[in-house]
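> Supplied in structure tokens, the structure appears directly below.
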There are 2 protein chains.
Amino acid sequence: MFRGANKVTLDAKGRLAMPTRYRERIVERSNGRLIATVDRADRCLLIYPLPEWEEIELKLRRLPTLNPTVRRLQRLMIGHATDLELDSSGRILVPPPLREYAALSRDAMLVGQGNRFELWDEPLWNESREQWLKVDESAEELPPELSSLSI
Amino acid sequence: MFRGANKVTLDAKGRLAMPTRYRERIVERSNGRLIATVDRADRCLLIYPLPEWEEIELKLRRLPTLNPTVRRLQRLMIGHATDLELDSSGRILVPPPLREYAALSRDAMLVGQGNRFELWDEPLWNESREQWLKVDESAEELPPELSSLSI
DNA sequence: CGACGCGGTGGGAAAAAGTGGGAATGAATG
DNA sequence: CATTCATTCCCACTTTTTCCCACCGCGTCG
């Protein structure tokens with residue numbers, strides 16, 4: 001599974017070098033094929049190995065299409081899902097519409113989140129992280145699963 | 001289990017010599033493989049033997065992803081979790097993003113906390129400790145789990 | 001009192017990863 | 001049909017990382 005925060009850079013052509021420690025796993029899991037789409041809550045991209053994405057897409061398509069919330073979710077996620085492939089030097093090319101959505105310029109953070117990566121504009125990632133830390137400090141009501149969690 | 005506070009230093013490359021008394025245990029428990037991540041409340045790092053971490057990651061991933069508090073926690077903990085390994089001289093390399101998060105420069109404290117270590121910037125550790133002492137002095141109301149505790 | 005061993009520290013060389021640029025290929029348009 | 005633009009592929013350079021070895025200080029033992 002994918003974990004860890006990696007500082008990465010997009011070059012002038014929008015290419016991003018996948019950190020090598022993940023490459024082998026991506027190749028064996030999906031032959032280097034990935035899907036990028038947008039996150040429904042934050043201005044970041046989600047990057048899945050193809051098989052992972054296919055499961056998710058299936059789940060999304062099974063939802064009741066007449067429900068407007070469902071429809072929105074499908075439009076966002078399926079509508080933006082784009083095929084990516086690792087090139088010969090282990091880079092992916094982030095297409096302009098997605099780059100724009102996530103406000104990606106040069107410096108970015110690639111963050112492992114289990115079955116997927118999240119790709120953030122670096123300044124935005126830093127700001128957001130500070131926010132999360134503040135919120136958690138204020139000890140809002142925790143869901144029951146969390147209040148008993150021992151880490 | 002890990003106990004005790006150790007003064008350690010990070011060299012110019014971010015390497016940290018694990019105190020020898022812990023090395024044998026780490027090697028036998030996880031073959032020298034560790035995971036470092038960020039603490040969600042304080043500016044310090046948490047360092048787990050790999051098997052310990054895997055349990056925690058499993059717990060985190062089982063939580064409902066749509067809950068924003070859960071999402072934050074996953075982003076912070078899984079998102080920063082980085083594989084470390086003891087090198088041939090028993091050192092670990094603390095990666096730049098984590099070093100930055102915990103404001104680690106040269107002098108640090110490695111503190112045993114049962115199933116994990118905490119790694120603090122030394123000046124920050126000292127300040128924080130003073131704070132904890134002050135707060136306890138003021139004898140705030142204790143949660144029920146604590147009020148019956150015999151130490 | 002000196003020699004040895006261990007833990008800690010630093011540095012240098014080799015290897016690998018990241019980065020950029022250019023050429024070739026293909027698509028679009030006048 | 002030709003020209004131009006964009007995309008893809010490949011190669012080469014630079015930087016970073018990793019691995020290994022040597023040194024230093026300290027404590028212990030002979």
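Residue numbering restarts at 1 in every chain; chains get A, B, ... in the order shown in the structure tokens, and ligands count up from 1 in that same order.
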Output the contact residues of chain B with respect to chain D at a cut-off of 12 Å, based on only C-alpha atoms (C1' of nucleotides), as a count of residues only.
8
> Using all C-alpha atoms paired in order, least-squares fit chain B onto chain A and give me the moved copy as a short mmCIF file (atom, residue, chain, number, x, y, z; two decimals) with N, CA and C atoms, in the first residue's frame.

```cif
data_model
loop_
_atom_site.label_atom_id
_atom_site.label_comp_id
_atom_site.auth_asym_id
_atom_site.auth_seq_id
_atom_site.Cartn_x
_atom_site.Cartn_y
_atom_site.Cartn_z
N MET B 1 1.13 -1.23 -0.16
CA MET B 1 0.36 0.01 -0.01
C MET B 1 1.28 1.23 -0.06
N PHE B 2 0.69 2.34 -0.42
CA PHE B 2 1.49 3.55 -0.60
C PHE B 2 1.49 4.41 0.65
N ARG B 3 2.66 4.83 1.04
CA ARG B 3 2.82 5.66 2.24
C ARG B 3 3.81 6.77 1.97
N GLY B 4 3.69 7.82 2.78
CA GLY B 4 4.76 8.81 2.79
C GLY B 4 4.48 10.03 1.93
N ALA B 5 5.08 11.15 2.35
CA ALA B 5 4.92 12.41 1.62
C ALA B 5 6.19 12.69 0.85
N ASN B 6 6.04 12.97 -0.45
CA ASN B 6 7.19 13.19 -1.31
C ASN B 6 7.10 14.54 -1.99
N LYS B 7 8.18 15.29 -1.91
CA LYS B 7 8.26 16.53 -2.65
C LYS B 7 8.59 16.19 -4.10
N VAL B 8 7.76 16.63 -5.02
CA VAL B 8 8.00 16.37 -6.44
C VAL B 8 7.85 17.66 -7.22
N THR B 9 8.30 17.65 -8.48
CA THR B 9 8.13 18.85 -9.31
C THR B 9 7.53 18.47 -10.65
N LEU B 10 6.66 19.34 -11.12
CA LEU B 10 6.13 19.21 -12.47
C LEU B 10 6.99 20.07 -13.39
N ASP B 11 7.44 19.51 -14.50
CA ASP B 11 8.21 20.33 -15.43
C ASP B 11 7.26 21.13 -16.32
N ALA B 12 7.85 21.85 -17.27
CA ALA B 12 7.06 22.77 -18.10
C ALA B 12 5.98 22.04 -18.89
N LYS B 13 6.19 20.77 -19.18
CA LYS B 13 5.19 20.02 -19.94
C LYS B 13 4.19 19.30 -19.05
N GLY B 14 4.29 19.51 -17.75
CA GLY B 14 3.35 18.87 -16.84
C GLY B 14 3.74 17.45 -16.46
N ARG B 15 4.99 17.10 -16.66
CA ARG B 15 5.43 15.75 -16.31
C ARG B 15 5.93 15.67 -14.88
N LEU B 16 5.70 14.54 -14.27
CA LEU B 16 6.03 14.36 -12.87
C LEU B 16 6.75 13.02 -12.71
N ALA B 17 7.94 13.05 -12.14
CA ALA B 17 8.70 11.81 -11.96
C ALA B 17 8.17 11.08 -10.72
N MET B 18 7.62 9.90 -10.93
CA MET B 18 7.16 9.09 -9.80
C MET B 18 8.37 8.64 -8.99
N PRO B 19 8.37 8.88 -7.66
CA PRO B 19 9.51 8.44 -6.86
C PRO B 19 9.79 6.95 -7.10
N THR B 20 11.05 6.63 -7.24
CA THR B 20 11.40 5.26 -7.67
C THR B 20 10.90 4.17 -6.75
N ARG B 21 10.81 4.46 -5.48
CA ARG B 21 10.41 3.38 -4.57
C ARG B 21 9.00 2.85 -4.87
N TYR B 22 8.18 3.67 -5.54
CA TYR B 22 6.82 3.22 -5.86
C TYR B 22 6.72 2.54 -7.22
N ARG B 23 7.71 2.78 -8.06
CA ARG B 23 7.55 2.38 -9.47
C ARG B 23 7.34 0.90 -9.64
N GLU B 24 8.20 0.12 -8.97
CA GLU B 24 8.12 -1.32 -9.14
C GLU B 24 6.73 -1.81 -8.76
N ARG B 25 6.23 -1.31 -7.64
CA ARG B 25 4.93 -1.76 -7.17
C ARG B 25 3.82 -1.39 -8.15
N ILE B 26 3.93 -0.19 -8.70
CA ILE B 26 2.90 0.24 -9.66
C ILE B 26 2.94 -0.63 -10.91
N VAL B 27 4.12 -0.92 -11.38
CA VAL B 27 4.24 -1.71 -12.59
C VAL B 27 3.70 -3.12 -12.36
N GLU B 28 4.04 -3.71 -11.22
CA GLU B 28 3.58 -5.08 -11.01
C GLU B 28 2.08 -5.13 -10.72
N ARG B 29 1.56 -4.05 -10.13
CA ARG B 29 0.14 -4.05 -9.77
C ARG B 29 -0.75 -3.74 -10.97
N SER B 30 -0.30 -2.87 -11.85
CA SER B 30 -1.20 -2.41 -12.92
C SER B 30 -0.46 -2.18 -14.23
N ASN B 31 0.74 -2.76 -14.33
CA ASN B 31 1.50 -2.61 -15.55
C ASN B 31 1.78 -1.13 -15.87
N GLY B 32 1.88 -0.32 -14.83
CA GLY B 32 2.20 1.09 -15.02
C GLY B 32 1.02 1.97 -15.35
N ARG B 33 -0.16 1.38 -15.32
CA ARG B 33 -1.35 2.16 -15.67
C ARG B 33 -2.00 2.73 -14.42
N LEU B 34 -2.25 4.05 -14.45
CA LEU B 34 -2.84 4.75 -13.31
C LEU B 34 -4.05 5.54 -13.76
N ILE B 35 -4.89 5.90 -12.80
CA ILE B 35 -6.01 6.81 -13.06
C ILE B 35 -5.90 7.98 -12.11
N ALA B 36 -5.99 9.17 -12.67
CA ALA B 36 -6.03 10.37 -11.82
C ALA B 36 -7.41 10.99 -11.90
N THR B 37 -7.93 11.42 -10.76
CA THR B 37 -9.19 12.16 -10.77
C THR B 37 -9.16 13.22 -9.68
N VAL B 38 -10.26 13.94 -9.53
CA VAL B 38 -10.25 15.02 -8.56
C VAL B 38 -10.83 14.55 -7.23
N ASP B 39 -10.38 15.16 -6.16
CA ASP B 39 -10.98 14.92 -4.87
C ASP B 39 -12.21 15.82 -4.75
N ARG B 40 -13.28 15.30 -4.17
CA ARG B 40 -14.50 16.11 -4.19
C ARG B 40 -14.52 17.13 -3.07
N ALA B 41 -13.66 16.99 -2.08
CA ALA B 41 -13.67 17.94 -0.97
C ALA B 41 -12.52 18.95 -1.06
N ASP B 42 -11.36 18.51 -1.47
CA ASP B 42 -10.20 19.39 -1.50
C ASP B 42 -9.67 19.56 -2.91
N ARG B 43 -8.93 20.62 -3.10
CA ARG B 43 -8.33 20.90 -4.40
C ARG B 43 -7.07 20.09 -4.59
N CYS B 44 -7.26 18.77 -4.64
CA CYS B 44 -6.11 17.93 -4.93
C CYS B 44 -6.56 16.80 -5.84
N LEU B 45 -5.59 16.08 -6.38
CA LEU B 45 -5.89 14.96 -7.27
C LEU B 45 -5.71 13.65 -6.54
N LEU B 46 -6.48 12.66 -6.93
CA LEU B 46 -6.34 11.31 -6.42
C LEU B 46 -5.78 10.44 -7.54
N ILE B 47 -4.78 9.65 -7.22
CA ILE B 47 -4.15 8.81 -8.24
C ILE B 47 -4.18 7.35 -7.80
N TYR B 48 -4.87 6.54 -8.58
CA TYR B 48 -5.06 5.13 -8.26
C TYR B 48 -4.38 4.24 -9.29
N PRO B 49 -3.86 3.08 -8.85
CA PRO B 49 -3.54 2.05 -9.85
C PRO B 49 -4.85 1.63 -10.51
N LEU B 50 -4.79 1.33 -11.79
CA LEU B 50 -6.01 1.06 -12.55
C LEU B 50 -6.97 0.07 -11.88
N PRO B 51 -6.49 -1.08 -11.38
CA PRO B 51 -7.44 -2.03 -10.79
C PRO B 51 -8.17 -1.46 -9.57
N GLU B 52 -7.47 -0.69 -8.77
CA GLU B 52 -8.11 -0.05 -7.61
C GLU B 52 -9.24 0.85 -8.07
N TRP B 53 -8.92 1.64 -9.09
CA TRP B 53 -9.92 2.58 -9.60
C TRP B 53 -11.15 1.84 -10.14
N GLU B 54 -10.92 0.76 -10.83
CA GLU B 54 -12.04 0.06 -11.46
C GLU B 54 -13.05 -0.40 -10.42
N GLU B 55 -12.56 -0.82 -9.27
CA GLU B 55 -13.48 -1.19 -8.19
C GLU B 55 -14.34 0.00 -7.78
N ILE B 56 -13.66 1.13 -7.63
CA ILE B 56 -14.38 2.33 -7.19
C ILE B 56 -15.39 2.78 -8.24
N GLU B 57 -14.97 2.74 -9.47
CA GLU B 57 -15.88 3.17 -10.54
C GLU B 57 -17.12 2.28 -10.56
N LEU B 58 -16.90 1.01 -10.35
CA LEU B 58 -18.03 0.07 -10.31
C LEU B 58 -19.00 0.44 -9.21
N LYS B 59 -18.46 0.72 -8.02
CA LYS B 59 -19.31 1.13 -6.90
C LYS B 59 -20.10 2.38 -7.26
N LEU B 60 -19.41 3.33 -7.86
CA LEU B 60 -20.07 4.60 -8.20
C LEU B 60 -21.18 4.39 -9.21
N ARG B 61 -20.92 3.52 -10.17
CA ARG B 61 -21.90 3.36 -11.25
C ARG B 61 -23.12 2.57 -10.78
N ARG B 62 -22.97 1.82 -9.71
CA ARG B 62 -24.12 1.06 -9.21
C ARG B 62 -25.09 1.95 -8.45
N LEU B 63 -24.64 3.13 -8.02
CA LEU B 63 -25.51 4.01 -7.25
C LEU B 63 -26.64 4.53 -8.13
N PRO B 64 -27.78 4.90 -7.50
CA PRO B 64 -28.94 5.35 -8.27
C PRO B 64 -28.70 6.70 -8.96
N THR B 65 -28.73 6.70 -10.30
CA THR B 65 -28.34 7.87 -11.09
C THR B 65 -29.28 9.05 -10.92
N LEU B 66 -30.52 8.79 -10.50
CA LEU B 66 -31.46 9.90 -10.42
C LEU B 66 -31.25 10.75 -9.18
N ASN B 67 -30.57 10.20 -8.19
CA ASN B 67 -30.26 10.96 -6.98
C ASN B 67 -29.24 12.05 -7.31
N PRO B 68 -29.58 13.31 -7.00
CA PRO B 68 -28.69 14.42 -7.39
C PRO B 68 -27.32 14.36 -6.74
N THR B 69 -27.27 13.92 -5.50
CA THR B 69 -25.97 13.81 -4.83
C THR B 69 -25.10 12.78 -5.53
N VAL B 70 -25.71 11.67 -5.88
CA VAL B 70 -24.99 10.63 -6.61
C VAL B 70 -24.51 11.16 -7.95
N ARG B 71 -25.38 11.86 -8.63
CA ARG B 71 -25.05 12.40 -9.94
C ARG B 71 -23.85 13.33 -9.86
N ARG B 72 -23.85 14.17 -8.83
CA ARG B 72 -22.73 15.09 -8.63
C ARG B 72 -21.43 14.34 -8.42
N LEU B 73 -21.52 13.33 -7.57
CA LEU B 73 -20.32 12.56 -7.26
C LEU B 73 -19.79 11.86 -8.51
N GLN B 74 -20.69 11.29 -9.30
CA GLN B 74 -20.28 10.61 -10.52
C GLN B 74 -19.66 11.61 -11.50
N ARG B 75 -20.30 12.75 -11.62
CA ARG B 75 -19.77 13.74 -12.56
C ARG B 75 -18.36 14.16 -12.17
N LEU B 76 -18.17 14.38 -10.88
CA LEU B 76 -16.85 14.82 -10.43
C LEU B 76 -15.83 13.72 -10.59
N MET B 77 -16.13 12.55 -10.06
CA MET B 77 -15.09 11.52 -10.00
C MET B 77 -14.90 10.80 -11.33
N ILE B 78 -15.96 10.25 -11.90
CA ILE B 78 -15.82 9.57 -13.18
C ILE B 78 -15.53 10.59 -14.27
N GLY B 79 -16.19 11.73 -14.15
CA GLY B 79 -16.03 12.77 -15.17
C GLY B 79 -14.62 13.29 -15.29
N HIS B 80 -13.86 13.23 -14.23
CA HIS B 80 -12.48 13.73 -14.30
C HIS B 80 -11.44 12.62 -14.38
N ALA B 81 -11.89 11.39 -14.30
CA ALA B 81 -10.93 10.28 -14.24
C ALA B 81 -10.19 10.12 -15.56
N THR B 82 -8.90 10.24 -15.51
CA THR B 82 -8.07 10.25 -16.71
C THR B 82 -7.00 9.17 -16.62
N ASP B 83 -6.82 8.45 -17.72
CA ASP B 83 -5.80 7.40 -17.77
C ASP B 83 -4.42 8.03 -17.84
N LEU B 84 -3.52 7.52 -17.02
CA LEU B 84 -2.12 7.95 -17.07
C LEU B 84 -1.25 6.71 -17.22
N GLU B 85 -0.07 6.91 -17.75
CA GLU B 85 0.84 5.78 -17.86
C GLU B 85 2.25 6.24 -17.54
N LEU B 86 3.00 5.39 -16.85
CA LEU B 86 4.40 5.69 -16.60
C LEU B 86 5.14 5.63 -17.93
N ASP B 87 5.90 6.68 -18.24
CA ASP B 87 6.68 6.64 -19.48
C ASP B 87 8.00 5.94 -19.23
N SER B 88 8.87 5.95 -20.24
CA SER B 88 10.11 5.17 -20.15
C SER B 88 11.03 5.65 -19.03
N SER B 89 10.86 6.90 -18.59
CA SER B 89 11.68 7.33 -17.46
C SER B 89 10.86 7.43 -16.16
N GLY B 90 9.76 6.70 -16.10
CA GLY B 90 9.01 6.63 -14.85
C GLY B 90 8.24 7.89 -14.51
N ARG B 91 7.91 8.66 -15.51
CA ARG B 91 7.14 9.88 -15.26
C ARG B 91 5.70 9.69 -15.70
N ILE B 92 4.80 10.47 -15.11
CA ILE B 92 3.43 10.55 -15.61
C ILE B 92 3.19 11.98 -16.11
N LEU B 93 2.27 12.10 -17.06
CA LEU B 93 1.92 13.40 -17.60
C LEU B 93 0.56 13.80 -17.01
N VAL B 94 0.55 14.87 -16.23
CA VAL B 94 -0.71 15.31 -15.63
C VAL B 94 -1.43 16.22 -16.62
N PRO B 95 -2.61 15.83 -17.07
CA PRO B 95 -3.29 16.58 -18.13
C PRO B 95 -3.75 17.95 -17.63
N PRO B 96 -3.74 18.94 -18.53
CA PRO B 96 -4.05 20.33 -18.17
C PRO B 96 -5.33 20.52 -17.35
N PRO B 97 -6.47 19.88 -17.69
CA PRO B 97 -7.66 20.16 -16.88
C PRO B 97 -7.47 19.79 -15.41
N LEU B 98 -6.76 18.70 -15.16
CA LEU B 98 -6.54 18.29 -13.78
C LEU B 98 -5.52 19.19 -13.10
N ARG B 99 -4.49 19.56 -13.87
CA ARG B 99 -3.49 20.47 -13.30
C ARG B 99 -4.17 21.76 -12.84
N GLU B 100 -5.07 22.22 -13.68
CA GLU B 100 -5.79 23.44 -13.38
C GLU B 100 -6.65 23.28 -12.12
N TYR B 101 -7.38 22.20 -12.06
CA TYR B 101 -8.26 21.97 -10.92
C TYR B 101 -7.50 22.04 -9.61
N ALA B 102 -6.35 21.39 -9.58
CA ALA B 102 -5.61 21.29 -8.33
C ALA B 102 -4.61 22.43 -8.17
N ALA B 103 -4.68 23.42 -9.07
CA ALA B 103 -3.79 24.59 -9.00
C ALA B 103 -2.32 24.18 -8.96
N LEU B 104 -1.98 23.17 -9.74
CA LEU B 104 -0.61 22.68 -9.73
C LEU B 104 0.27 23.53 -10.62
N SER B 105 1.35 24.06 -10.05
CA SER B 105 2.30 24.76 -10.90
C SER B 105 3.59 23.94 -10.94
N ARG B 106 4.59 24.31 -10.16
CA ARG B 106 5.85 23.57 -10.27
C ARG B 106 6.05 22.62 -9.09
N ASP B 107 5.99 23.17 -7.90
CA ASP B 107 6.27 22.35 -6.72
C ASP B 107 5.00 21.68 -6.22
N ALA B 108 5.09 20.39 -5.98
CA ALA B 108 3.91 19.63 -5.55
C ALA B 108 4.30 18.61 -4.49
N MET B 109 3.30 18.08 -3.81
CA MET B 109 3.51 17.01 -2.85
C MET B 109 2.73 15.79 -3.31
N LEU B 110 3.39 14.67 -3.34
CA LEU B 110 2.75 13.41 -3.68
C LEU B 110 2.67 12.60 -2.39
N VAL B 111 1.45 12.36 -1.94
CA VAL B 111 1.27 11.79 -0.61
C VAL B 111 0.62 10.42 -0.71
N GLY B 112 1.31 9.40 -0.19
CA GLY B 112 0.75 8.06 -0.20
C GLY B 112 -0.41 7.94 0.77
N GLN B 113 -1.51 7.34 0.31
CA GLN B 113 -2.70 7.20 1.16
C GLN B 113 -3.28 5.81 1.02
N GLY B 114 -2.43 4.80 1.23
CA GLY B 114 -2.94 3.43 1.16
C GLY B 114 -3.09 2.95 -0.27
N ASN B 115 -4.33 2.87 -0.73
CA ASN B 115 -4.54 2.35 -2.08
C ASN B 115 -4.38 3.41 -3.17
N ARG B 116 -4.04 4.64 -2.77
CA ARG B 116 -3.93 5.71 -3.76
C ARG B 116 -2.89 6.73 -3.32
N PHE B 117 -2.59 7.65 -4.23
CA PHE B 117 -1.82 8.83 -3.88
C PHE B 117 -2.72 10.05 -3.91
N GLU B 118 -2.32 11.06 -3.17
CA GLU B 118 -2.91 12.37 -3.35
C GLU B 118 -1.82 13.29 -3.88
N LEU B 119 -2.19 14.13 -4.82
CA LEU B 119 -1.23 15.08 -5.39
C LEU B 119 -1.70 16.50 -5.11
N TRP B 120 -0.88 17.23 -4.38
CA TRP B 120 -1.23 18.59 -3.95
C TRP B 120 -0.24 19.61 -4.49
N ASP B 121 -0.74 20.78 -4.76
CA ASP B 121 0.14 21.92 -4.92
C ASP B 121 0.85 22.12 -3.58
N GLU B 122 2.15 22.29 -3.61
CA GLU B 122 2.87 22.26 -2.34
C GLU B 122 2.45 23.36 -1.36
N PRO B 123 2.37 24.62 -1.80
CA PRO B 123 1.95 25.66 -0.85
C PRO B 123 0.56 25.35 -0.27
N LEU B 124 -0.32 24.85 -1.10
CA LEU B 124 -1.67 24.53 -0.64
C LEU B 124 -1.65 23.40 0.39
N TRP B 125 -0.80 22.43 0.15
CA TRP B 125 -0.63 21.32 1.09
C TRP B 125 -0.19 21.84 2.45
N ASN B 126 0.78 22.73 2.44
CA ASN B 126 1.29 23.25 3.70
C ASN B 126 0.21 24.02 4.47
N GLU B 127 -0.49 24.89 3.74
CA GLU B 127 -1.58 25.64 4.38
C GLU B 127 -2.62 24.69 4.97
N SER B 128 -3.03 23.74 4.15
CA SER B 128 -4.09 22.83 4.59
C SER B 128 -3.66 22.07 5.83
N ARG B 129 -2.43 21.65 5.86
CA ARG B 129 -1.94 20.90 7.01
C ARG B 129 -2.02 21.75 8.27
N GLU B 130 -1.66 23.01 8.14
CA GLU B 130 -1.78 23.90 9.30
C GLU B 130 -3.22 23.96 9.78
N GLN B 131 -4.13 24.03 8.82
CA GLN B 131 -5.54 24.08 9.17
C GLN B 131 -5.97 22.84 9.94
N TRP B 132 -5.56 21.67 9.45
CA TRP B 132 -5.96 20.43 10.10
C TRP B 132 -5.45 20.38 11.53
N LEU B 133 -4.25 20.86 11.72
CA LEU B 133 -3.69 20.86 13.08
C LEU B 133 -4.52 21.74 13.99
N LYS B 134 -4.88 22.91 13.50
CA LYS B 134 -5.68 23.82 14.32
C LYS B 134 -7.01 23.21 14.69
N VAL B 135 -7.69 22.63 13.72
CA VAL B 135 -9.01 22.05 13.97
C VAL B 135 -8.92 20.96 15.03
N ASP B 136 -7.91 20.11 14.92
CA ASP B 136 -7.80 19.02 15.88
C ASP B 136 -7.51 19.54 17.28
N GLU B 137 -6.74 20.62 17.34
CA GLU B 137 -6.47 21.22 18.64
C GLU B 137 -7.76 21.53 19.39
N SER B 138 -8.73 22.04 18.64
CA SER B 138 -9.96 22.49 19.29
C SER B 138 -10.83 21.32 19.77
N ALA B 139 -10.31 20.11 19.61
CA ALA B 139 -10.93 18.92 20.21
C ALA B 139 -12.45 18.89 20.03
N GLU B 140 -12.88 18.98 18.81
CA GLU B 140 -14.30 18.87 18.55
C GLU B 140 -14.78 17.45 18.89
N GLU B 141 -16.11 17.32 18.91
CA GLU B 141 -16.67 16.00 19.23
C GLU B 141 -16.31 14.99 18.13
N LEU B 142 -15.85 13.83 18.52
CA LEU B 142 -15.43 12.82 17.56
C LEU B 142 -16.60 11.91 17.19
N PRO B 143 -16.68 11.48 15.94
CA PRO B 143 -17.66 10.45 15.60
C PRO B 143 -17.31 9.15 16.32
N PRO B 144 -18.32 8.31 16.56
CA PRO B 144 -18.11 7.11 17.38
C PRO B 144 -17.02 6.18 16.85
N GLU B 145 -16.87 6.12 15.53
CA GLU B 145 -15.83 5.24 15.00
C GLU B 145 -14.44 5.69 15.46
N LEU B 146 -14.33 6.99 15.68
CA LEU B 146 -13.02 7.52 16.05
C LEU B 146 -12.75 7.48 17.55
N SER B 147 -13.80 7.72 18.31
CA SER B 147 -13.58 7.89 19.74
C SER B 147 -13.01 6.62 20.38
N SER B 148 -13.23 5.48 19.75
CA SER B 148 -12.71 4.24 20.32
C SER B 148 -11.42 3.79 19.66
N LEU B 149 -10.91 4.64 18.80
CA LEU B 149 -9.74 4.24 18.02
C LEU B 149 -8.45 4.35 18.84
N SER B 150 -7.65 3.29 18.79
CA SER B 150 -6.36 3.33 19.45
C SER B 150 -5.24 3.45 18.42
N ILE B 151 -4.47 4.53 18.56
CA ILE B 151 -3.38 4.75 17.60
C ILE B 151 -2.03 4.68 18.32
#
```
> Distance cut-off 9 Å, counting only C-alpha atoms (C1' of nucleotides) - which residues of chain C neighbour chain B? Return them as a list in words.
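Residues of chain C within 9 Å of chain B, counting only C-alpha atoms (C1' of nucleotides): DG7, DG8, DT9 and DG10 of chain C.
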> I need the residues of chain B that end up classed as helix (DSSP H, G or I) by DSSP on the backbone, written out as a count of residues only.
63
